[in-house]
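Participant: coords-v9.pdb is reproduced in full below (PDB, C-alpha atoms).
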```pdb
ATOM      1  CA  MET A   1      11.711 -11.610   6.803
ATOM      2  CA  ALA A   2       8.743 -12.946   4.843
ATOM      3  CA  ASP A   3       7.915 -15.684   7.372
ATOM      4  CA  ASP A   4       7.967 -13.437  10.447
ATOM      5  CA  TRP A   5       6.784  -9.988   9.443
ATOM      6  CA  THR A   6       7.024  -7.876  12.593
ATOM      7  CA  LEU A   7       7.470  -4.111  12.690
ATOM      8  CA  ALA A   8       9.841  -3.335  15.542
ATOM      9  CA  GLN A   9       9.412   0.421  15.987
ATOM     10  CA  GLN A  10       6.580   2.757  16.995
ATOM     11  CA  PHE A  11       5.507   6.335  16.376
ATOM     12  CA  ASP A  12       2.886   7.986  18.570
ATOM     13  CA  SER A  13       0.532   9.935  16.326
ATOM     14  CA  PRO A  14      -2.516  11.900  17.561
ATOM     15  CA  PHE A  15      -4.693   9.209  15.978
ATOM     16  CA  GLY A  16      -3.010   6.125  17.431
ATOM     17  CA  THR A  17       0.369   4.444  17.723
ATOM     18  CA  ILE A  18       1.895   3.567  14.356
ATOM     19  CA  ALA A  19       3.975   0.427  13.884
ATOM     20  CA  TYR A  20       6.882   0.926  11.471
ATOM     21  CA  ASP A  21      10.357  -0.285  10.606
ATOM     22  CA  VAL A  22      13.364   0.772   8.555
ATOM     23  CA  PHE A  23      15.652  -1.426   6.454
ATOM     24  CA  GLY A  24      18.843  -0.792   4.474
ATOM     25  CA  THR A  25      20.844   2.333   3.744
ATOM     26  CA  GLY A  26      20.857   4.922   0.987
ATOM     27  CA  ASP A  27      18.300   7.361  -0.362
ATOM     28  CA  SER A  28      14.934   7.250   1.373
ATOM     29  CA  LEU A  29      12.095   5.132   0.004
ATOM     30  CA  VAL A  30       8.684   4.850   1.692
ATOM     31  CA  MET A  31       6.263   1.995   0.962
ATOM     32  CA  ILE A  32       2.570   2.490   1.777
ATOM     33  CA  HIS A  33       0.002  -0.297   1.681
ATOM     34  CA  GLY A  34      -3.723  -0.147   0.989
ATOM     35  CA  THR A  35      -6.926  -1.622   2.376
ATOM     36  CA  PRO A  36      -7.643  -4.154   3.800
ATOM     37  CA  PHE A  37      -3.961  -5.046   3.836
ATOM     38  CA  SER A  38      -0.874  -4.094   5.843
ATOM     39  CA  SER A  39       2.842  -3.609   5.333
ATOM     40  CA  TYR A  40       3.022  -7.410   5.067
ATOM     41  CA  VAL A  41       2.116  -6.881   1.410
ATOM     42  CA  TRP A  42       5.672  -5.547   0.853
ATOM     43  CA  ARG A  43       7.505  -8.464   2.503
ATOM     44  CA  LYS A  44       8.837  -9.857  -0.797
ATOM     45  CA  PHE A  45      10.096  -6.501  -1.999
ATOM     46  CA  VAL A  46      11.751  -4.955   1.050
ATOM     47  CA  PRO A  47      14.845  -7.237   0.933
ATOM     48  CA  ILE A  48      15.362  -6.281  -2.719
ATOM     49  CA  LEU A  49      14.867  -2.557  -2.271
ATOM     50  CA  ALA A  50      16.843  -2.375   0.978
ATOM     51  CA  ALA A  51      19.952  -3.291  -1.033
ATOM     52  CA  ALA A  52      19.788   0.147  -2.658
ATOM     53  CA  TYR A  53      17.613   2.301  -0.370
ATOM     54  CA  ARG A  54      16.791   3.110   3.214
ATOM     55  CA  VAL A  55      13.319   1.596   3.119
ATOM     56  CA  HIS A  56      10.596   2.798   5.484
ATOM     57  CA  VAL A  57       7.448   0.673   5.882
ATOM     58  CA  TYR A  58       4.552   1.207   8.255
ATOM     59  CA  ASP A  59       1.002   0.113   8.928
ATOM     60  CA  LEU A  60      -1.658   2.739   8.318
ATOM     61  CA  VAL A  61      -3.608   4.087  11.283
ATOM     62  CA  GLY A  62      -5.958   1.334  12.468
ATOM     63  CA  TYR A  63      -4.392  -1.339  10.227
ATOM     64  CA  GLY A  64      -1.980  -4.230  10.671
ATOM     65  CA  GLN A  65       0.156  -3.921  13.791
ATOM     66  CA  SER A  66      -0.770  -0.274  14.395
ATOM     67  CA  GLU A  67      -3.093   0.629  17.256
ATOM     68  CA  LYS A  68      -6.851   0.067  16.967
ATOM     69  CA  TYR A  69      -9.516   1.415  19.305
ATOM     70  CA  ASP A  70     -13.206   2.375  19.421
ATOM     71  CA  GLN A  71     -14.240   5.634  17.749
ATOM     72  CA  GLN A  72     -10.841   5.844  16.020
ATOM     73  CA  ASP A  73     -10.598   8.053  12.947
ATOM     74  CA  VAL A  74      -8.891   5.983  10.253
ATOM     75  CA  SER A  75     -10.188   7.929   7.240
ATOM     76  CA  LEU A  76      -8.068   9.024   4.311
ATOM     77  CA  GLY A  77      -8.188  12.518   5.785
ATOM     78  CA  VAL A  78      -6.221  11.239   8.773
ATOM     79  CA  GLN A  79      -3.929   8.879   6.857
ATOM     80  CA  SER A  80      -2.324  11.710   4.871
ATOM     81  CA  GLN A  81      -1.743  13.733   8.039
ATOM     82  CA  VAL A  82      -0.005  10.767   9.634
ATOM     83  CA  LEU A  83       2.192  10.262   6.558
ATOM     84  CA  ALA A  84       3.224  13.922   6.714
ATOM     85  CA  ALA A  85       3.999  13.562  10.431
ATOM     86  CA  LEU A  86       6.015  10.396   9.827
ATOM     87  CA  LEU A  87       8.094  12.068   7.110
ATOM     88  CA  ASP A  88       8.867  14.874   9.571
ATOM     89  CA  TYR A  89       9.680  12.360  12.323
ATOM     90  CA  TRP A  90      11.972  10.420   9.994
ATOM     91  CA  ARG A  91      13.473  13.714   8.734
ATOM     92  CA  ILE A  92      12.798  12.774   5.135
ATOM     93  CA  GLU A  93      12.274  15.593   2.652
ATOM     94  CA  ARG A  94      12.047  14.013  -0.819
ATOM     95  CA  PRO A  95      11.600  10.245  -0.658
ATOM     96  CA  THR A  96      10.694   7.907  -3.462
ATOM     97  CA  ILE A  97       7.195   6.638  -2.707
ATOM     98  CA  ILE A  98       5.790   3.242  -3.677
ATOM     99  CA  ALA A  99       2.112   3.106  -2.757
ATOM    100  CA  HIS A 100      -0.810   0.767  -3.375
ATOM    101  CA  ASP A 101      -4.574   1.329  -3.258
ATOM    102  CA  PHE A 102      -5.422   3.632  -0.271
ATOM    103  CA  GLY A 103      -1.683   4.223   0.050
ATOM    104  CA  GLY A 104      -1.920   6.011  -3.288
ATOM    105  CA  ALA A 105      -4.665   8.345  -2.058
ATOM    106  CA  THR A 106      -2.681   8.922   1.143
ATOM    107  CA  THR A 107       0.424   9.809  -0.874
ATOM    108  CA  LEU A 108      -1.443  12.159  -3.207
ATOM    109  CA  ARG A 109      -3.223  13.969  -0.368
ATOM    110  CA  ALA A 110       0.001  14.485   1.601
ATOM    111  CA  HIS A 111       1.616  15.907  -1.546
ATOM    112  CA  ILE A 112      -1.238  18.195  -2.585
ATOM    113  CA  LEU A 113      -2.728  19.228   0.759
ATOM    114  CA  ASP A 114       0.179  18.880   3.194
ATOM    115  CA  GLY A 115       2.927  20.150   0.889
ATOM    116  CA  ARG A 116       5.127  17.061   1.079
ATOM    117  CA  ASN A 117       7.548  16.631  -1.818
ATOM    118  CA  TYR A 118       8.746  13.387  -3.345
ATOM    119  CA  THR A 119      11.498  12.403  -5.737
ATOM    120  CA  ARG A 120       8.885  10.350  -7.564
ATOM    121  CA  MET A 121       5.678   8.400  -6.976
ATOM    122  CA  ILE A 122       5.198   4.821  -8.089
ATOM    123  CA  LEU A 123       1.491   4.170  -7.629
ATOM    124  CA  ILE A 124       0.131   0.634  -7.921
ATOM    125  CA  ASP A 125      -3.621   0.470  -8.611
ATOM    126  CA  PRO A 126      -4.200   3.561  -6.454
ATOM    127  CA  VAL A 127      -7.483   4.870  -5.139
ATOM    128  CA  ALA A 128      -7.389   8.249  -6.834
ATOM    129  CA  VAL A 129     -10.200   8.828  -9.333
ATOM    130  CA  ALA A 130     -13.971   8.770  -8.795
ATOM    131  CA  PRO A 131     -16.000   6.673  -8.688
ATOM    132  CA  TRP A 132     -14.652   4.103  -6.241
ATOM    133  CA  GLY A 133     -16.162   1.934  -3.510
ATOM    134  CA  SER A 134     -17.842  -1.432  -4.080
ATOM    135  CA  PRO A 135     -21.496  -2.320  -3.353
ATOM    136  CA  PHE A 136     -20.205  -4.175  -0.266
ATOM    137  CA  VAL A 137     -18.490  -1.030   0.992
ATOM    138  CA  ARG A 138     -21.646   1.000   0.503
ATOM    139  CA  HIS A 139     -23.697  -1.649   2.321
ATOM    140  CA  VAL A 140     -21.320  -1.779   5.299
ATOM    141  CA  ARG A 141     -21.346   2.002   5.565
ATOM    142  CA  ARG A 142     -25.128   1.876   5.976
ATOM    143  CA  HIS A 143     -25.087  -1.018   8.464
ATOM    144  CA  PHE A 144     -21.760  -0.715  10.313
ATOM    145  CA  GLU A 145     -23.019  -1.808  13.749
ATOM    146  CA  ALA A 146     -24.698  -4.921  12.373
ATOM    147  CA  PHE A 147     -21.527  -6.096  10.643
ATOM    148  CA  ALA A 148     -19.272  -5.314  13.610
ATOM    149  CA  GLY A 149     -21.307  -7.747  15.687
ATOM    150  CA  VAL A 150     -21.569 -10.748  13.336
ATOM    151  CA  PRO A 151     -20.380 -14.116  14.739
ATOM    152  CA  PRO A 152     -16.635 -14.711  14.234
ATOM    153  CA  TYR A 153     -17.156 -17.616  11.805
ATOM    154  CA  ILE A 154     -19.270 -15.431   9.522
ATOM    155  CA  HIS A 155     -16.767 -12.606   9.823
ATOM    156  CA  ASP A 156     -13.992 -15.021   8.823
ATOM    157  CA  GLY A 157     -15.901 -15.943   5.684
ATOM    158  CA  ILE A 158     -16.461 -12.279   4.806
ATOM    159  CA  LEU A 159     -12.778 -11.508   5.358
ATOM    160  CA  THR A 160     -11.617 -14.397   3.195
ATOM    161  CA  ALA A 161     -13.962 -13.482   0.347
ATOM    162  CA  TYR A 162     -13.128  -9.772   0.567
ATOM    163  CA  ILE A 163      -9.376 -10.330   0.410
ATOM    164  CA  GLN A 164      -9.556 -13.004  -2.284
ATOM    165  CA  ASP A 165     -11.744 -10.766  -4.414
ATOM    166  CA  ALA A 166      -8.821  -8.347  -4.721
ATOM    167  CA  ALA A 167      -6.601 -10.999  -6.321
ATOM    168  CA  HIS A 168      -6.716 -12.611  -9.743
ATOM    169  CA  HIS A 169      -5.133 -15.853  -8.495
ATOM    170  CA  PRO A 170      -5.793 -17.760  -5.254
ATOM    171  CA  VAL A 171      -4.057 -16.086  -2.327
ATOM    172  CA  PRO A 172      -1.745 -18.632  -0.615
ATOM    173  CA  ASP A 173      -3.020 -19.883   2.735
ATOM    174  CA  ASN A 174      -0.151 -18.385   4.751
ATOM    175  CA  ALA A 175      -0.618 -14.984   3.126
ATOM    176  CA  MET A 176      -4.388 -15.109   3.578
ATOM    177  CA  GLU A 177      -3.968 -15.782   7.296
ATOM    178  CA  ALA A 178      -1.444 -12.954   7.619
ATOM    179  CA  TYR A 179      -3.839 -10.518   5.949
ATOM    180  CA  LYS A 180      -6.803 -11.681   8.055
ATOM    181  CA  THR A 181      -5.150 -11.865  11.488
ATOM    182  CA  PRO A 182      -5.139  -8.098  12.292
ATOM    183  CA  TRP A 183      -8.891  -8.027  11.600
ATOM    184  CA  THR A 184      -9.823 -10.894  13.946
ATOM    185  CA  GLY A 185     -10.858 -10.920  17.594
ATOM    186  CA  GLU A 186     -13.147  -8.372  19.202
ATOM    187  CA  VAL A 187     -10.861  -5.393  18.535
ATOM    188  CA  GLY A 188      -9.780  -6.438  15.063
ATOM    189  CA  GLN A 189     -13.247  -7.290  13.810
ATOM    190  CA  ALA A 190     -14.660  -3.936  14.894
ATOM    191  CA  ALA A 191     -11.647  -2.196  13.309
ATOM    192  CA  PHE A 192     -12.221  -3.944   9.988
ATOM    193  CA  TYR A 193     -15.757  -2.640   9.606
ATOM    194  CA  ARG A 194     -14.800   0.742  11.065
ATOM    195  CA  GLN A 195     -12.285   1.394   8.273
ATOM    196  CA  ILE A 196     -14.871   0.415   5.661
ATOM    197  CA  ALA A 197     -17.507   2.631   7.274
ATOM    198  CA  GLN A 198     -15.129   5.603   7.002
ATOM    199  CA  MET A 199     -14.349   5.139   3.314
ATOM    200  CA  ASP A 200     -15.574   8.338   1.686
ATOM    201  CA  GLN A 201     -15.026   9.533  -1.866
ATOM    202  CA  GLN A 202     -14.854  13.142  -0.624
ATOM    203  CA  TYR A 203     -11.193  12.555   0.250
ATOM    204  CA  THR A 204     -10.218  11.944  -3.359
ATOM    205  CA  ASP A 205     -12.721  14.505  -4.678
ATOM    206  CA  GLU A 206     -10.779  17.125  -2.694
ATOM    207  CA  VAL A 207      -7.519  16.479  -4.514
ATOM    208  CA  GLU A 208      -8.585  15.148  -7.915
ATOM    209  CA  PRO A 209      -8.882  18.653  -9.467
ATOM    210  CA  HIS A 210      -5.236  19.311  -8.512
ATOM    211  CA  TYR A 211      -3.520  16.319 -10.136
ATOM    212  CA  SER A 212      -2.335  18.553 -12.979
ATOM    213  CA  ALA A 213      -0.166  20.423 -10.447
ATOM    214  CA  ILE A 214       1.741  17.378  -9.123
ATOM    215  CA  ARG A 215       5.387  18.342  -8.649
ATOM    216  CA  CYS A 216       7.253  15.095  -9.334
ATOM    217  CA  PRO A 217       7.332  12.218 -11.840
ATOM    218  CA  VAL A 218       4.470   9.739 -11.484
ATOM    219  CA  HIS A 219       4.613   6.125 -12.641
ATOM    220  CA  LEU A 220       1.395   4.089 -12.669
ATOM    221  CA  LEU A 221       1.388   0.283 -12.523
ATOM    222  CA  TRP A 222      -1.994  -1.441 -12.975
ATOM    223  CA  GLY A 223      -3.207  -5.011 -12.807
ATOM    224  CA  GLU A 224      -4.860  -5.888 -16.102
ATOM    225  CA  ASN A 225      -7.599  -7.836 -14.302
ATOM    226  CA  ASP A 226      -8.226  -5.385 -11.463
ATOM    227  CA  GLY A 227     -11.911  -5.758 -10.633
ATOM    228  CA  SER A 228     -11.761  -3.331  -7.713
ATOM    229  CA  ILE A 229     -10.418  -0.344  -9.649
ATOM    230  CA  PRO A 230     -10.689  -1.126 -13.380
ATOM    231  CA  ILE A 231      -7.794  -0.306 -15.647
ATOM    232  CA  VAL A 232      -9.866   2.398 -17.361
ATOM    233  CA  GLN A 233      -9.545   4.350 -14.112
ATOM    234  CA  GLY A 234      -5.775   4.056 -14.387
ATOM    235  CA  ARG A 235      -5.780   5.441 -17.925
ATOM    236  CA  LYS A 236      -8.006   8.281 -16.769
ATOM    237  CA  LEU A 237      -5.567   9.099 -13.966
ATOM    238  CA  GLN A 238      -2.630   8.994 -16.379
ATOM    239  CA  HIS A 239      -4.258  11.667 -18.545
ATOM    240  CA  MET A 240      -4.885  13.838 -15.479
ATOM    241  CA  VAL A 241      -1.222  13.839 -14.396
ATOM    242  CA  PRO A 242       1.145  15.572 -16.857
ATOM    243  CA  GLY A 243       3.937  13.259 -17.984
ATOM    244  CA  ALA A 244       2.684  10.237 -16.039
ATOM    245  CA  THR A 245       3.783   6.846 -17.362
ATOM    246  CA  PHE A 246       1.546   3.787 -17.363
ATOM    247  CA  GLU A 247       2.331   0.075 -17.412
ATOM    248  CA  MET A 248      -0.216  -2.721 -17.382
ATOM    249  CA  ILE A 249       0.633  -5.923 -15.502
ATOM    250  CA  PRO A 250      -0.919  -8.986 -17.203
ATOM    251  CA  GLY A 251      -2.275 -11.766 -15.056
ATOM    252  CA  ALA A 252      -2.752  -9.508 -12.050
ATOM    253  CA  GLY A 253      -5.800  -8.229 -10.246
ATOM    254  CA  HIS A 254      -5.863  -5.438  -7.718
ATOM    255  CA  LEU A 255      -3.481  -7.270  -5.389
ATOM    256  CA  VAL A 256      -0.537  -7.204  -7.789
ATOM    257  CA  GLN A 257       1.969  -7.978  -5.027
ATOM    258  CA  GLU A 258       0.497 -11.470  -4.606
ATOM    259  CA  ASP A 259      -0.586 -12.103  -8.185
ATOM    260  CA  GLN A 260       2.587 -11.116 -10.019
ATOM    261  CA  PRO A 261       5.476 -10.309  -7.655
ATOM    262  CA  GLY A 262       8.060 -11.130 -10.316
ATOM    263  CA  GLN A 263       6.525  -8.808 -12.884
ATOM    264  CA  LEU A 264       6.191  -6.055 -10.302
ATOM    265  CA  THR A 265       9.860  -6.429  -9.393
ATOM    266  CA  GLY A 266      10.703  -6.259 -13.102
ATOM    267  CA  HIS A 267       8.829  -2.989 -13.464
ATOM    268  CA  LEU A 268      10.660  -1.557 -10.455
ATOM    269  CA  LEU A 269      13.901  -2.592 -12.152
ATOM    270  CA  ASP A 270      12.832  -0.859 -15.374
ATOM    271  CA  LEU A 271      12.112   2.281 -13.355
ATOM    272  CA  GLY A 272      15.569   2.124 -11.818
ATOM    273  CA  VAL A 273      14.346   1.412  -8.299
ATOM    274  CA  ALA A 274      15.971  -2.001  -7.892
ATOM    275  CA  THR A 275      19.001  -1.454 -10.129
ATOM    276  CA  LEU A 276      21.657  -1.705  -7.424
ATOM    277  CA  TYR A 277      20.229  -4.947  -6.102
ATOM    278  CA  PHE A 278      20.308  -6.654  -9.475
ATOM    279  CA  ALA A 279      23.766  -5.263 -10.206
ATOM    280  CA  HIS A 280      24.842  -6.837  -6.924
ATOM    281  CA  LEU A 281      23.356 -10.190  -7.991
ATOM    282  CA  ARG A 282      25.136 -10.009 -11.330
ATOM    283  CA  THR A 283      28.417  -9.349  -9.527
ATOM    284  CA  ILE A 284      27.888 -12.375  -7.278
ATOM    285  CA  ARG A 285      27.112 -14.605 -10.270
ATOM    286  CA  PHE A 286      30.219 -13.348 -12.112
ATOM    287  CA  LEU A 287      32.464 -13.988  -9.106
ATOM    288  CA  THR A 288      30.942 -17.443  -8.649
ATOM    289  CA  VAL A 289      31.651 -18.356 -12.271
ATOM    290  CA  LEU A 290      35.147 -16.866 -12.082
ATOM    291  CA  ARG A 291      35.880 -18.733  -8.865
ATOM    292  CA  GLY A 292      34.780 -21.970 -10.539
ATOM    293  CA  LYS A 293      37.062 -21.382 -13.513
ATOM    294  CA  ILE A 294      40.052 -20.521 -11.297
ATOM    295  CA  GLY A 295      39.402 -23.507  -9.041
TER
END
```
What would the structure in this file look like if it were written as structure tokens?
Facilitator:
Amino acid sequence: MADDWTLAQQFDSPFGTIAYDVFGTGDSLVMIHGTPFSSYVWRKFVPILAAAYRVHVYDLVGYGQSEKYDQQDVSLGVQSQVLAALLDYWRIERPTIIAHDFGGATTLRAHILDGRNYTRMILIDPVAVAPWGSPFVRHVRRHFEAFAGVPPYIHDGILTAYIQDAAHHPVPDNAMEAYKTPWTGEVGQAAFYRQIAQMDQQYTDEVEPHYSAIRCPVHLLWGENDGSIPIVQGRKLQHMVPGATFEMIPGAGHLVQEDQPGQLTGHLLDLGVATLYFAHLRTIRFLTVLRGKIG
């Protein structure tokens, strides 16, 4: 699964065709990636979680394997509407949500503005609290057309630096290429700068005053070395959400999934998300030992 990450199913939204897939059986769990990533970021975790859940993954509008086109609206205002539509399409009423970065803002907006309910939210370094948006983002928003037309070799350098900046450790070459590929070529390059140009803090400002009214448990996981959204923002969010828990992940930047996949899996285990999978592994180990003793 990790070597050939292809989403096999499609959903036609008003904002573009969404690539998605479903794995496993059990209670519903939805995993939502952030920017500038794709559902590929969950490749190491889906096999684990699919042992206990029916796992739904998809690429946000204008990201990854989902459709991209000129003048496309890929803003956070649209992303939450698409999530709500997908939950209706999948006939899911109260999923567990695991969301990262923009996926966090998407999850929160669908909950607060679109009335979608969840069993719980596990938010990993989410975009949720002002201020957010780097100097690079602000610069691209002012000069979108100029960036969309840069030569491919310069664009490749920008992409590499932008993605690596989200991680605390070097991103492996194969993962770097997988993250960059959807943003290359004429269509992909324009789409990359389009999604940056549409980043607007108004979309979190709209929901931030309502975090105290969140209707489900919230668990926050934060990379200790996150330079994109500093950990102080995570603590601020924790205090805004009644009963929210907070765990820091040492040795991780914003891209926790690449920096510390083992620690992230451990936290999911502590939260009960991966319990059945690890119980299954323990059973296999026990039977293996028993078989050896009997043999």
Participant: What is the distance between CA of Asn117 in chain A and CA of Val74 in chain A, in Å to one decimal?
Facilitator: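 Taking CA of Asn117 in chain A as the start and CA of Val74 in chain A as the end point, the length is 23.0 Å.
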Participant: Which residue out of A:Trp42, A:Trp132, A:Tyr179, A:Trp5 has the minimum interatomic distance to Val256 in chain A when all atoms listed in the file are used?
Facilitator: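 Nearest to Val256 in chain A: A:Trp42.
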Participant: Can you list every residue of range 42-155 of chain A that has an atom at most 10 Å from range 239-249 of chain A, with its nearest atom pair and the distance in Å to one decimal, using all atoms listed in the file, ordered by chain then number, as a tab-separated table?
Facilitator:
```
residue	atom	partner	partner_atom	distance
A:Met121	CA	A:Ala244	CA	9.7
A:Ile122	CA	A:Thr245	CA	9.6
A:Leu123	CA	A:Phe246	CA	9.7
A:Ile124	CA	A:Glu247	CA	9.8
A:Asp125	CA	A:Met248	CA	9.9
A:Val129	CA	A:Met240	CA	9.5
```
Participant: May I ask which of the residues A:Glu93, A:Asp259, A:Asp173, A:Asp4 is the closest one to Asn225 in chain A, counting all atoms listed in the file?
Facilitator: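 Among the listed residues, A:Asp259 lies closest to Asn225 in chain A.
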Participant: For the structure provided, state which residues fall under the PyMOL selection byres ((chain A and resi 47-58) around 8), and present them as number ranges by chain.
Facilitator: A: 1, 7, 18-32, 38-39, 43-46, 59-60, 273-277
Participant: How would you write, as a PyMOL selection string, the residues chosen by the PyMOL selection byres ((chain A and resi 206) around 12) on this structure?
Facilitator: chain A and resi 76-77+105+108-110+112-113+128-130+200-205+207-211
Participant: Take the PyMOL selection byres ((chain A and resi 67) around 10), apply it to the structure above, and return the hits as an MDAnalysis selection string.
Facilitator: chainID A and resid 10 12 15:19 59:66 68:69 72 187:188 191
Participant: Emit the selected residues as a compact mmCIF listing (two decimals), keeping the file's coordinate frame, including C-alpha atoms.
Facilitator:
```
# COMPACT_ATOMS: atom_id res chain seq x y z
CA GLN A 10 6.58 2.76 17.00
CA ASP A 12 2.89 7.99 18.57
CA PHE A 15 -4.69 9.21 15.98
CA GLY A 16 -3.01 6.12 17.43
CA THR A 17 0.37 4.44 17.72
CA ILE A 18 1.90 3.57 14.36
CA ALA A 19 3.98 0.43 13.88
CA ASP A 59 1.00 0.11 8.93
CA LEU A 60 -1.66 2.74 8.32
CA VAL A 61 -3.61 4.09 11.28
CA GLY A 62 -5.96 1.33 12.47
CA TYR A 63 -4.39 -1.34 10.23
CA GLY A 64 -1.98 -4.23 10.67
CA GLN A 65 0.16 -3.92 13.79
CA SER A 66 -0.77 -0.27 14.40
CA LYS A 68 -6.85 0.07 16.97
CA TYR A 69 -9.52 1.42 19.30
CA GLN A 72 -10.84 5.84 16.02
CA VAL A 187 -10.86 -5.39 18.54
CA GLY A 188 -9.78 -6.44 15.06
CA ALA A 191 -11.65 -2.20 13.31
```
Participant: Could you tell me how far CA of Trp222 in chain A sits from CA of Phe192 in chain A, in Å to one decimal place?
Facilitator: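 Computing the Euclidean distance for CA of Phe192 in chain A and CA of Trp222 in chain A yields 25.3 Å.
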Participant: Let me have the centre and edge lengths of the axis-aligned box enclosing all listed atoms of range 34-45 of chain A with 3 Å padding on every side, in Å to one decimal, as AutoDock Vina command-line options.
Facilitator:
```
--center_x 1.2 --center_y -5.0 --center_z 1.9 --size_x 23.7 --size_y 15.7 --size_z 13.8
```
Participant: With distances taken over only C-alpha atoms, which of A:Asp70, A:Glu177, A:Asp165, A:Asp114 is nearest to Ala85 in chain A?
Facilitator: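 Using only C-alpha atoms, Ala85 in chain A sits closest to A:Asp114.
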Participant: Quote the spacing between CA of Gly34 in chain A and CA of His254 in chain A in Å to one decimal place.
Facilitator: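 Atom-to-atom, CA of Gly34 in chain A and CA of His254 in chain A are spaced 10.4 Å apart.
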Participant: Tell me which of A:Arg141, A:His111, A:His100, A:His168 sits closest to Val127 in chain A, counting all atoms listed in the file.
Facilitator: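 Looking only at the distances to Val127 in chain A, the closest residue turns out to be A:His100.
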Participant: Restricting the calculation to all atoms listed in the file, which member of A:Leu221, A:Ile229, A:Leu86, A:Val78 is positioned closest to Thr265 in chain A?
Facilitator: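 Closest candidate: A:Leu221.
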Participant: Could you check which of A:Leu269, A:Leu159, A:Asn174, A:Thr107 is closest to Gln81 in chain A, using all atoms listed in the file?
Facilitator: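 Closest to Gln81 in chain A, using all atoms listed in the file: A:Thr107.
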Participant: Find the residues with any atom within 9 Å of (-17.5, -3.8, 6.5); use only C-alpha atoms and the coordinates as given in the file, and write the answer as a ChimeraX atom specification.
Facilitator: /A:136-141,143-144,147-148,158,190,192-197
Participant: May I have the residues within 12 Å of Pro151 in chain A as a list in words, using all atoms listed in the file and disregarding those fewer than 5 positions away in the same chain?
Facilitator: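 The residues that qualify are Ala146, Asp156, Gly157, Ile158, Thr184, Gly185, Glu186, Gln189 and Ala190 of chain A.
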